[in-house]
Each structure stands twice: as structure tokens, then as C-alpha cells.
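Novice: The structure is given below, and queries will be raised subsequently.
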Amino acid sequence: MPRWKKILYTVLAVAVVATGGWYGWTVLHRPDTCHKGVERIGGECIGVNGEGYDFGTPEIRDVARAIAQENEKIDGQPHVTVAMMLPLQSDKAALRRQMRSDLQGAYLGQLQANEGEGEPPKIRLVLANPGRDYQQQSKVVDTLLRMADSSEDRLRAVTGFNLSLDATQDAVERLTEHKIPVLASRISGDRIANKDAADGMAKPQFPGLARILPTNHDAAQALANFNGERGRENRRTVLVHDTRPDGYDESLAKAFSGIQEKGPAGPAAMPFESPAIDEAGSTGNQFTQIANNICDSDADIVYFAGRTLHLRIFALKLAEVGCKNRHYTIISGSDAASLRQDMTEKDWAQLRGADGRAKVTVQYAAPAHPDAWSTELAAWKKKWDATHDRGPTQAELPQYLTEPKAALDKLDKLIDTLRRKGTDLGSAPNLEDSRTMLVHDGLVTIGTALHQVQSGDAKKLPGLQDVGREWSQLQSRHRVQGTSGLICLTSVGNPYDKPAAVVELDPGREGLGKLRFVGLGWPTGRAQPKNCVIPSTT
């Protein structure tokens, strides 16, 4: 064989081996995908999608498809992308139902923002799954950063965020460092918030962050103001708090500890430790001991700084130990909004005594409640009628009640329209747990900001910093009429004096208990001012 042929065959053989090796390496290192743009990591489907993918969660399949249909509808119109970031998988049915409520609110808010008055752009909504407890948030943030730089995606805001965790804070910090506006619709922990200054000149820790939910500090103050008005300021209290590292639990415990009690001192704080947000571990045994200790004290109000799962166990244990026919009120934060969904008929029966009267009542600061505005407005009109011989004019009615009621009426009408059209969202939206209302308000707030910064040239879409700068303008004349209350953002993006809907879980005398709206609590101790003009002392 000629020498040149041997060399040629050798070169070809080497090339074949190299090609095969390269192909084998690429096969072995190719990401395992759940769907286009969604990678399988540790059994979870991590990534971003706006084409109707359900991330392996059947409960959100229909609403994800509805979002995709709205995205297709506005595809040929001037639009920007907004990402809804929150964990979208769980092995617990209750959490999957909560995800559906969140996404129903996002879809309803997207529809309202896209169908509302004002200039373009429309909102293309995508779902971003950062994994359980946001543990894979860095990969999702990588994708969102690329989308913000993309002339095709044009990402202009990220919303969602439902857990006040270190990983959540890392995600918000990195997004805002890259000047991507963030609107946190369901975070109540104080650590993921910018601090206001009296002169309005505070330098934000998270530039471009806005929130529409009061911090735990403000919610606790609202609860204290509300209960003080009801004559509960002289009751003995005790704090029960989770020591597991958790931004929500920590800030809630700090907020409850900071309430100035006017009555006699109660017993010292009683800690417990849970293994995780959604795991009970040994908390049942811990709560039995804590309940016995509370029984031996004079405390009758318990401030509970912990997650919903553990709150339910604690309430049942406190009722179970039988404290000499005494009645206890447990006061907690916004996470308790999901408690009623987890209660069985047996649980409700346990909260009652043998005589059918409640042994334990749970009160919490809900972000919103559908009965709030009609109930409060009726009470306001009753007081007016007692001192006037005529009805109030439109200008005399309280804006802080009438405008949120109008927003809620509009949402109810939209839900009814979708029902009549046959739009399937997986289930009829349930507004009682406040999730749907709050997430809806978040999308409406983003839509308002987008419309406000639009220059009038439909072809020129707003930039990232245009949107981020707009948060502080959403007050006074440009306030957002939310279903959860008037949204008036301070210079660093915090909701000014946003009310807490004070709600109680009442066991009743038989059957399933009821979720009862009992009043509004205001962080400042008074209702928002006319036109929601933020005073300079904030």
C-alpha cells in the first residue's frame, strides 16, 4: 500500500474516533430537559416558559394554557415580557392548589392590564420555576438576565415571589443589581424590603424593588392597633416562635416582640424548631409541651411566628390539652391565609369544646379579603347616617374603601365573563385566601407602570430603568386601585399604610368552621389620607 494511503487512512481513523468521542461527550453532557427551555435538575423542572407548559403540575395546566393563549393573542402587538417567579412543583396537594390560585391571579391581572385603557405595551406573561424553596433560583435568574437583554423577549419586570427566604433575597438582589424591576406581590418578610426615610431620600438596598404587601412589622402594628381599638390591650400575651432560619418567621417574631403591651406582662417567649416550611417533624411533641406551659400561665393571647403547617398543628394541640375551659386567641401573619384550606371537619371539631363553643380562635393579618370593602363601607355609612340627615356625596365617601371595592367589583365581573365564555382555569377562582387578589393587583400595578412610562410612540417600548423609576410615581393621582386596597408606593417602593384585613377562623358550633372578616387594621393607626398623598414624615 502506498505510503500516502496509509497516512490518509490513519488521519481518517483518528477523525472518526474524535468525532465519535465528541458525539458521545455531547450526548452524555446534554441537559436533561422537561420541555423547551426547562431543564430537569434533581427531579424538578427548572426554567422559564410562556407556551402553556405546566412544569409537571396538573393543577396549573389549564391556567398555564390560558396564559399561553393570551400571549398568542397579543403576539403581533407592541408588548414586553413579565416573568412570574415562584416554585411551581410540590408533592403536596394543598401547595399545588395554592400555586393555581397564584397563577389565576396572574392571568386575571394580565387580562386586565392588556384590556385596560392607556398606551401599549401589552404584557406577555411567562412562568419561571426556581424549584423548591427557590434552591435553583440562580439558573432561572441567568435566563431572566438574558431575556432582559434580548430584543425578542424584552423582559421588563419580574413578579411573584411568595416566600421570604435567603434564596429569594439572593434572587431579588441579583435581579435588581442588573436593573431589572421587581414587584414582590406576596413577600411579607422585612429583610426583602427597602427602608423608608423621613425625608424621602433613602438609598434603597434593592434599587428597582416594589412591594404591594405590608411587611410583617407593619402587619403586626396593624393587628395591634386593631385589637387595641377592641379593648384587648390589657390582655396577657405570649410569643411562640420558630427558630428555624426563615426570613418570614424571624421578622414576624421580631415584629410581635416589638408591640408595646399596655397590660401586665405575660410569660417569656416559647421557641420551637421545625425541620422545613412544609414538614412537621417533631413539632407536635414540642407543641404539646408548649401548650401545657401556656395553660399554667395567665396568657390568653398567643402571638405565633411560624408557617401555616405548624400553626395548624399548634392550634389543635392547644385545644387538645384542655386548659380549664379557657378560650385562646392565636394571632399570626399573612402566611396563615392558607390555613382554612388545610382544616378538616375533625380539626374544626377539635377546636370546639364539649359545649360547642370555641376553645381556640385563630386571627391573622390577611393581605386581602373579598368581604372587606362592602363590610367596612356599610359600617361607615351607618356611622354617617347616625350624624347626618342626608346621604353622603360621592366626594364625601372614603376613597380608601370605595376605590378598592370598585376594583374588586371589576375583578368579579371579569371572572364571571370568563366563566360564561367557558375559559377553564382549573377551578373557579377562590378569593378568600387572598392569593388571587394580591397577585392580580401585582400585574395590574406593573401594567399601570408600563402605561405611565409609554411615550406615546407605540413602536418605542419602555426600557428597564424607565419601569423601575416609575414605582415611586404610583401614588396620589397615579395611585393604583387594587382589590387588596389602594397601592401608593413610597420613594423606595413600599406600600404606604396598606391595610391588613383582620380575619378570624371561627370553629362555629358544628361542621366546617368559617373564615370571618372582622375589620381593617392600619399600620399608622389611621386610614390612608385623601388621594393617598404620602406625608413627608414617612
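In the C-alpha cells, chains take the letters A, B, ... in the order shown, each chain's residues start at 1, and ligands count up from 1 in the order shown.
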Which neighbours of Asn216 in chain A fall inside 8 Å, counting only C-alpha atoms, when residues of the same chain fewer than 6 positions from it are skipped, and could you give them as a list in words?
Specialist: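 Listed by chain and then number, they are Ser188, Gly189, Asp190, Tyr248, Ser251, Leu252, Ala255 and Gly333 of chain A.
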Novice: Those same residues, written as a PDB file, in the first residue's frame with all heavy atoms?
Specialist:
```
ATOM      1  N   SER A 188     -43.776  39.107  52.667  1.00  0.00           N
ATOM      2  CA  SER A 188     -44.057  39.965  53.822  1.00  0.00           C
ATOM      3  C   SER A 188     -42.848  40.122  54.737  1.00  0.00           C
ATOM      4  O   SER A 188     -42.865  40.976  55.628  1.00  0.00           O
ATOM      5  CB  SER A 188     -45.239  39.407  54.626  1.00  0.00           C
ATOM      6  OG  SER A 188     -44.941  38.105  55.100  1.00  0.00           O
ATOM      7  N   GLY A 189     -41.802  39.321  54.546  1.00  0.00           N
ATOM      8  CA  GLY A 189     -40.615  39.433  55.392  1.00  0.00           C
ATOM      9  C   GLY A 189     -39.951  40.793  55.264  1.00  0.00           C
ATOM     10  O   GLY A 189     -39.867  41.360  54.174  1.00  0.00           O
ATOM     11  N   ASP A 190     -39.463  41.330  56.378  1.00  0.00           N
ATOM     12  CA  ASP A 190     -38.897  42.683  56.402  1.00  0.00           C
ATOM     13  C   ASP A 190     -37.538  42.784  55.715  1.00  0.00           C
ATOM     14  O   ASP A 190     -37.142  43.872  55.305  1.00  0.00           O
ATOM     15  CB  ASP A 190     -38.757  43.160  57.853  1.00  0.00           C
ATOM     16  CG  ASP A 190     -40.106  43.371  58.516  1.00  0.00           C
ATOM     17  OD1 ASP A 190     -40.864  42.393  58.666  1.00  0.00           O
ATOM     18  OD2 ASP A 190     -40.415  44.513  58.882  1.00  0.00           O
ATOM     19  N   TYR A 248     -39.394  35.022  56.983  1.00  0.00           N
ATOM     20  CA  TYR A 248     -40.763  35.338  57.395  1.00  0.00           C
ATOM     21  C   TYR A 248     -40.925  35.146  58.896  1.00  0.00           C
ATOM     22  O   TYR A 248     -41.394  36.045  59.611  1.00  0.00           O
ATOM     23  CB  TYR A 248     -41.749  34.449  56.635  1.00  0.00           C
ATOM     24  CG  TYR A 248     -43.162  34.507  57.149  1.00  0.00           C
ATOM     25  CD1 TYR A 248     -44.031  35.512  56.751  1.00  0.00           C
ATOM     26  CD2 TYR A 248     -43.638  33.539  58.044  1.00  0.00           C
ATOM     27  CE1 TYR A 248     -45.342  35.565  57.224  1.00  0.00           C
ATOM     28  CE2 TYR A 248     -44.945  33.581  58.520  1.00  0.00           C
ATOM     29  CZ  TYR A 248     -45.784  34.589  58.111  1.00  0.00           C
ATOM     30  OH  TYR A 248     -47.071  34.643  58.591  1.00  0.00           O
ATOM     31  N   SER A 251     -38.782  37.784  60.999  1.00  0.00           N
ATOM     32  CA  SER A 251     -39.279  39.162  61.026  1.00  0.00           C
ATOM     33  C   SER A 251     -40.622  39.250  61.742  1.00  0.00           C
ATOM     34  O   SER A 251     -40.915  40.249  62.407  1.00  0.00           O
ATOM     35  CB  SER A 251     -39.377  39.723  59.607  1.00  0.00           C
ATOM     36  OG  SER A 251     -40.303  38.993  58.832  1.00  0.00           O
ATOM     37  N   LEU A 252     -41.438  38.187  61.646  1.00  0.00           N
ATOM     38  CA  LEU A 252     -42.718  38.195  62.346  1.00  0.00           C
ATOM     39  C   LEU A 252     -42.509  38.125  63.854  1.00  0.00           C
ATOM     40  O   LEU A 252     -43.170  38.840  64.622  1.00  0.00           O
ATOM     41  CB  LEU A 252     -43.589  37.027  61.867  1.00  0.00           C
ATOM     42  CG  LEU A 252     -45.047  37.013  62.346  1.00  0.00           C
ATOM     43  CD1 LEU A 252     -45.768  38.282  61.912  1.00  0.00           C
ATOM     44  CD2 LEU A 252     -45.777  35.784  61.807  1.00  0.00           C
ATOM     45  N   ALA A 255     -41.352  41.471  64.953  1.00  0.00           N
ATOM     46  CA  ALA A 255     -42.447  42.436  64.930  1.00  0.00           C
ATOM     47  C   ALA A 255     -43.374  42.248  66.119  1.00  0.00           C
ATOM     48  O   ALA A 255     -43.768  43.220  66.771  1.00  0.00           O
ATOM     49  CB  ALA A 255     -43.230  42.296  63.625  1.00  0.00           C
ATOM     50  N   GLY A 333     -49.458  35.880  61.125  1.00  0.00           N
ATOM     51  CA  GLY A 333     -49.243  36.750  59.979  1.00  0.00           C
ATOM     52  C   GLY A 333     -49.886  36.257  58.708  1.00  0.00           C
ATOM     53  O   GLY A 333     -50.723  35.341  58.702  1.00  0.00           O
TER      54      GLY A 333
END
```
Novice: Using DSSP secondary structure from the backbone, list all strand (DSSP E or B) positions within range 223-418 of chain A, as number ranges by chain.
Specialist: A: 237-242, 270-272, 276, 279, 301-305, 328-332, 352, 358, 360-366
Novice: For Gln528 in chain A, which of A:Ala449, A:Leu414, A:Ile487, A:Ile187 is the closest residue, counting only C-alpha atoms?
Specialist: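 Closest to Gln528 in chain A of all the choices is A:Ile487.
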Novice: Please list as a PyMOL selection string every residue within 7 Å of range 74-90 of chain A, counting only C-alpha atoms and excluding residues in the same chain fewer than 3 positions away.
Specialist: chain A and resi 55+57+70-71+95-96+99+120-134+153-162+458-459
Novice: Report as a VMD selection string all protein, DNA and RNA residues lying within 6 Å of Ser434 in chain A, evaluated on only C-alpha atoms, omitting residues in the same chain fewer than 2 positions from it.
Specialist: chain A and resid 368 to 369 431 to 432 436 to 437
Novice: From the list A:Pro370, A:Gly447, A:Pro429, A:Gly521, which residue is nearest Gly105 in chain A when using only C-alpha atoms?
Specialist: A:Pro429
Novice: With a distance cut-off of 10 Å and only C-alpha atoms, select the neighbouring residues of Arg236 in chain A, excluding the residue or stretch itself and same-chain residues fewer than 6 positions from it, and output the selection as a list in words.
Specialist: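 Using only C-alpha atoms, the neighbours found are Glu261, Lys262, Gly263, Pro264, Ala265, Gly266, Pro267, Ser297, Asp298, Ala299, Asp300, Ile301 and Val302 of chain A.
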Novice: Please, could you write that set of residues out with all heavy atoms as a short mmCIF file (atom, residue, chain, number, x, y, z; two decimals), in the first residue's frame?
Specialist:
```cif
data_model
loop_
_atom_site.label_atom_id
_atom_site.label_comp_id
_atom_site.auth_asym_id
_atom_site.auth_seq_id
_atom_site.Cartn_x
_atom_site.Cartn_y
_atom_site.Cartn_z
N GLU A 261 -46.96 46.41 74.77
CA GLU A 261 -48.09 45.90 75.53
C GLU A 261 -48.46 46.88 76.65
O GLU A 261 -47.59 47.38 77.37
CB GLU A 261 -47.75 44.53 76.13
CG GLU A 261 -47.38 43.48 75.08
CD GLU A 261 -48.58 42.98 74.30
OE1 GLU A 261 -49.70 43.42 74.60
OE2 GLU A 261 -48.39 42.17 73.38
N LYS A 262 -49.76 47.11 76.80
CA LYS A 262 -50.22 48.04 77.84
C LYS A 262 -50.66 47.31 79.11
O LYS A 262 -50.78 47.90 80.16
CB LYS A 262 -51.39 48.88 77.30
CG LYS A 262 -51.00 49.77 76.14
CD LYS A 262 -52.18 50.57 75.63
CE LYS A 262 -51.79 51.45 74.44
NZ LYS A 262 -52.95 52.22 73.92
N GLY A 263 -50.91 46.03 78.99
CA GLY A 263 -51.38 45.26 80.13
C GLY A 263 -50.23 44.64 80.91
O GLY A 263 -49.05 44.92 80.65
N PRO A 264 -50.54 43.77 81.87
CA PRO A 264 -49.50 43.10 82.65
C PRO A 264 -48.66 42.17 81.77
O PRO A 264 -49.14 41.65 80.76
CB PRO A 264 -50.30 42.31 83.69
CG PRO A 264 -51.66 42.15 83.09
CD PRO A 264 -51.90 43.37 82.27
N ALA A 265 -47.42 41.98 82.16
CA ALA A 265 -46.50 41.15 81.38
C ALA A 265 -46.96 39.71 81.36
O ALA A 265 -47.42 39.17 82.38
CB ALA A 265 -45.10 41.24 81.96
N GLY A 266 -46.82 39.07 80.20
CA GLY A 266 -47.14 37.65 80.08
C GLY A 266 -45.88 36.82 80.27
O GLY A 266 -44.81 37.35 80.60
N PRO A 267 -45.95 35.52 80.04
CA PRO A 267 -44.78 34.66 80.19
C PRO A 267 -43.74 34.93 79.11
O PRO A 267 -44.03 35.55 78.07
CB PRO A 267 -45.36 33.25 80.06
CG PRO A 267 -46.64 33.42 79.33
CD PRO A 267 -47.17 34.76 79.70
N SER A 297 -49.97 29.37 82.68
CA SER A 297 -49.77 30.81 82.76
C SER A 297 -51.11 31.53 82.69
O SER A 297 -52.16 30.89 82.55
CB SER A 297 -48.88 31.29 81.61
OG SER A 297 -49.61 31.32 80.38
N ASP A 298 -51.07 32.85 82.75
CA ASP A 298 -52.30 33.64 82.65
C ASP A 298 -52.53 34.15 81.23
O ASP A 298 -53.48 34.90 80.99
CB ASP A 298 -52.23 34.85 83.60
CG ASP A 298 -52.27 34.43 85.05
OD1 ASP A 298 -52.96 33.43 85.34
OD2 ASP A 298 -51.62 35.09 85.88
N ALA A 299 -51.65 33.76 80.30
CA ALA A 299 -51.78 34.27 78.93
C ALA A 299 -53.02 33.72 78.25
O ALA A 299 -53.36 32.54 78.41
CB ALA A 299 -50.53 33.90 78.13
N ASP A 300 -53.70 34.57 77.50
CA ASP A 300 -54.85 34.09 76.71
C ASP A 300 -54.76 34.53 75.25
O ASP A 300 -55.63 34.19 74.46
CB ASP A 300 -56.18 34.53 77.33
CG ASP A 300 -56.24 36.02 77.61
OD1 ASP A 300 -55.35 36.75 77.13
OD2 ASP A 300 -57.17 36.45 78.31
N ILE A 301 -53.72 35.30 74.91
CA ILE A 301 -53.46 35.64 73.52
C ILE A 301 -52.07 35.14 73.17
O ILE A 301 -51.10 35.42 73.88
CB ILE A 301 -53.55 37.16 73.26
CG1 ILE A 301 -55.00 37.63 73.41
CG2 ILE A 301 -53.03 37.51 71.87
CD1 ILE A 301 -55.19 39.11 73.18
N VAL A 302 -51.96 34.39 72.10
CA VAL A 302 -50.69 33.82 71.67
C VAL A 302 -50.29 34.43 70.33
O VAL A 302 -51.04 34.32 69.34
CB VAL A 302 -50.78 32.27 71.52
CG1 VAL A 302 -49.42 31.71 71.11
CG2 VAL A 302 -51.27 31.63 72.80
#
```
Novice: Got a sec: who's within 6 Å of Gly52 in chain A, counting only C-alpha atoms, leaving out chain neighbours fewer than 4 positions off, as an MDAnalysis selection string?
Specialist: chainID A and resid 64:65 68
Novice: Which residue is closest to Ile415 in chain A? Choose from A:Gln465, A:Thr33, A:Gln104, A:Ser185 and count only C-alpha atoms.
Specialist: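 Looking only at the distances to Ile415 in chain A, the closest residue turns out to be A:Gln104.
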Novice: Identify, on the basis of only C-alpha atoms, every residue whose closest approach to Ser374 in chain A does not exceed 9 Å; exclude the query and any residue fewer than 3 positions from it along the same chain; express the result as an MDAnalysis selection string.
Specialist: chainID A and resid 370:371 377:379 401:402 405
Novice: With all heavy atoms kept, could you save the residues just selected as an mmCIF file, in the first residue's frame?
Specialist:
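Written out: part-v9.cif:
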```cif
data_model
loop_
_atom_site.group_PDB
_atom_site.id
_atom_site.type_symbol
_atom_site.label_atom_id
_atom_site.label_comp_id
_atom_site.auth_asym_id
_atom_site.auth_seq_id
_atom_site.Cartn_x
_atom_site.Cartn_y
_atom_site.Cartn_z
ATOM 1 N N PRO A 370 -62.292 39.318 50.342
ATOM 2 C CA PRO A 370 -63.335 39.836 49.451
ATOM 3 C C PRO A 370 -64.503 40.522 50.157
ATOM 4 O O PRO A 370 -65.243 41.281 49.527
ATOM 5 C CB PRO A 370 -63.810 38.575 48.706
ATOM 6 C CG PRO A 370 -63.392 37.424 49.553
ATOM 7 C CD PRO A 370 -62.129 37.854 50.214
ATOM 8 N N ASP A 371 -64.675 40.287 51.463
ATOM 9 C CA ASP A 371 -65.767 40.935 52.193
ATOM 10 C C ASP A 371 -65.363 42.280 52.801
ATOM 11 O O ASP A 371 -66.222 42.988 53.357
ATOM 12 C CB ASP A 371 -66.272 40.031 53.321
ATOM 13 C CG ASP A 371 -66.948 38.775 52.819
ATOM 14 O OD1 ASP A 371 -67.367 38.772 51.642
ATOM 15 O OD2 ASP A 371 -67.039 37.794 53.583
ATOM 16 N N LEU A 377 -67.577 49.590 54.236
ATOM 17 C CA LEU A 377 -68.336 50.705 53.678
ATOM 18 C C LEU A 377 -69.729 50.770 54.300
ATOM 19 O O LEU A 377 -70.247 51.868 54.593
ATOM 20 C CB LEU A 377 -68.435 50.554 52.158
ATOM 21 C CG LEU A 377 -68.936 51.772 51.383
ATOM 22 C CD1 LEU A 377 -68.073 53.000 51.669
ATOM 23 C CD2 LEU A 377 -68.956 51.477 49.892
ATOM 24 N N ALA A 378 -70.325 49.605 54.553
ATOM 25 C CA ALA A 378 -71.631 49.580 55.218
ATOM 26 C C ALA A 378 -71.528 50.157 56.629
ATOM 27 O O ALA A 378 -72.402 50.913 57.078
ATOM 28 C CB ALA A 378 -72.170 48.151 55.263
ATOM 29 N N ALA A 379 -70.448 49.816 57.342
ATOM 30 C CA ALA A 379 -70.245 50.344 58.701
ATOM 31 C C ALA A 379 -70.026 51.858 58.661
ATOM 32 O O ALA A 379 -70.524 52.591 59.525
ATOM 33 C CB ALA A 379 -69.059 49.642 59.352
ATOM 34 N N LEU A 401 -62.031 53.057 50.731
ATOM 35 C CA LEU A 401 -62.987 51.946 50.699
ATOM 36 C C LEU A 401 -63.668 51.819 49.338
ATOM 37 O O LEU A 401 -63.809 50.718 48.808
ATOM 38 C CB LEU A 401 -64.053 52.126 51.787
ATOM 39 C CG LEU A 401 -63.571 52.147 53.242
ATOM 40 C CD1 LEU A 401 -64.755 52.356 54.177
ATOM 41 C CD2 LEU A 401 -62.845 50.859 53.600
ATOM 42 N N THR A 402 -64.092 52.947 48.765
ATOM 43 C CA THR A 402 -64.864 52.884 47.517
ATOM 44 C C THR A 402 -64.014 52.450 46.327
ATOM 45 O O THR A 402 -64.486 51.699 45.463
ATOM 46 C CB THR A 402 -65.510 54.246 47.210
ATOM 47 O OG1 THR A 402 -64.484 55.250 47.131
ATOM 48 C CG2 THR A 402 -66.514 54.627 48.296
ATOM 49 N N LYS A 405 -63.241 48.720 46.448
ATOM 50 C CA LYS A 405 -64.488 47.989 46.172
ATOM 51 C C LYS A 405 -64.778 47.989 44.673
ATOM 52 O O LYS A 405 -65.190 46.963 44.099
ATOM 53 C CB LYS A 405 -65.650 48.604 46.929
ATOM 54 C CG LYS A 405 -66.961 47.834 46.738
ATOM 55 C CD LYS A 405 -68.109 48.446 47.518
ATOM 56 C CE LYS A 405 -69.370 47.608 47.375
ATOM 57 N NZ LYS A 405 -69.791 47.430 45.968
#
```
Novice: Pick the closest to Tyr496 in chain A from A:Gly258, A:Gly37, A:Pro214, A:Gly508: which is it, counting only C-alpha atoms?
Specialist: A:Pro214
Novice: Between A:Glu273, A:Glu51, A:Glu376, A:Asp242, which is the closest to Phe304 in chain A once you count only C-alpha atoms?
Specialist: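 Between A:Glu273, A:Glu51, A:Glu376, A:Asp242, the residue approaching Phe304 in chain A most closely is A:Asp242.
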Novice: Hey, what does DSSP flag as helix (DSSP H, G or I) within range 13-112 of chain A? Can you give it to me as a PyMOL selection string?
Specialist: chain A and resi 13-29+58-73+93-112
Novice: Of the candidates A:Pro535, A:Gly422, A:Pro271, A:Gly482, which one gets nearest to Asp62 in chain A if we count only C-alpha atoms?
Specialist: A:Gly422
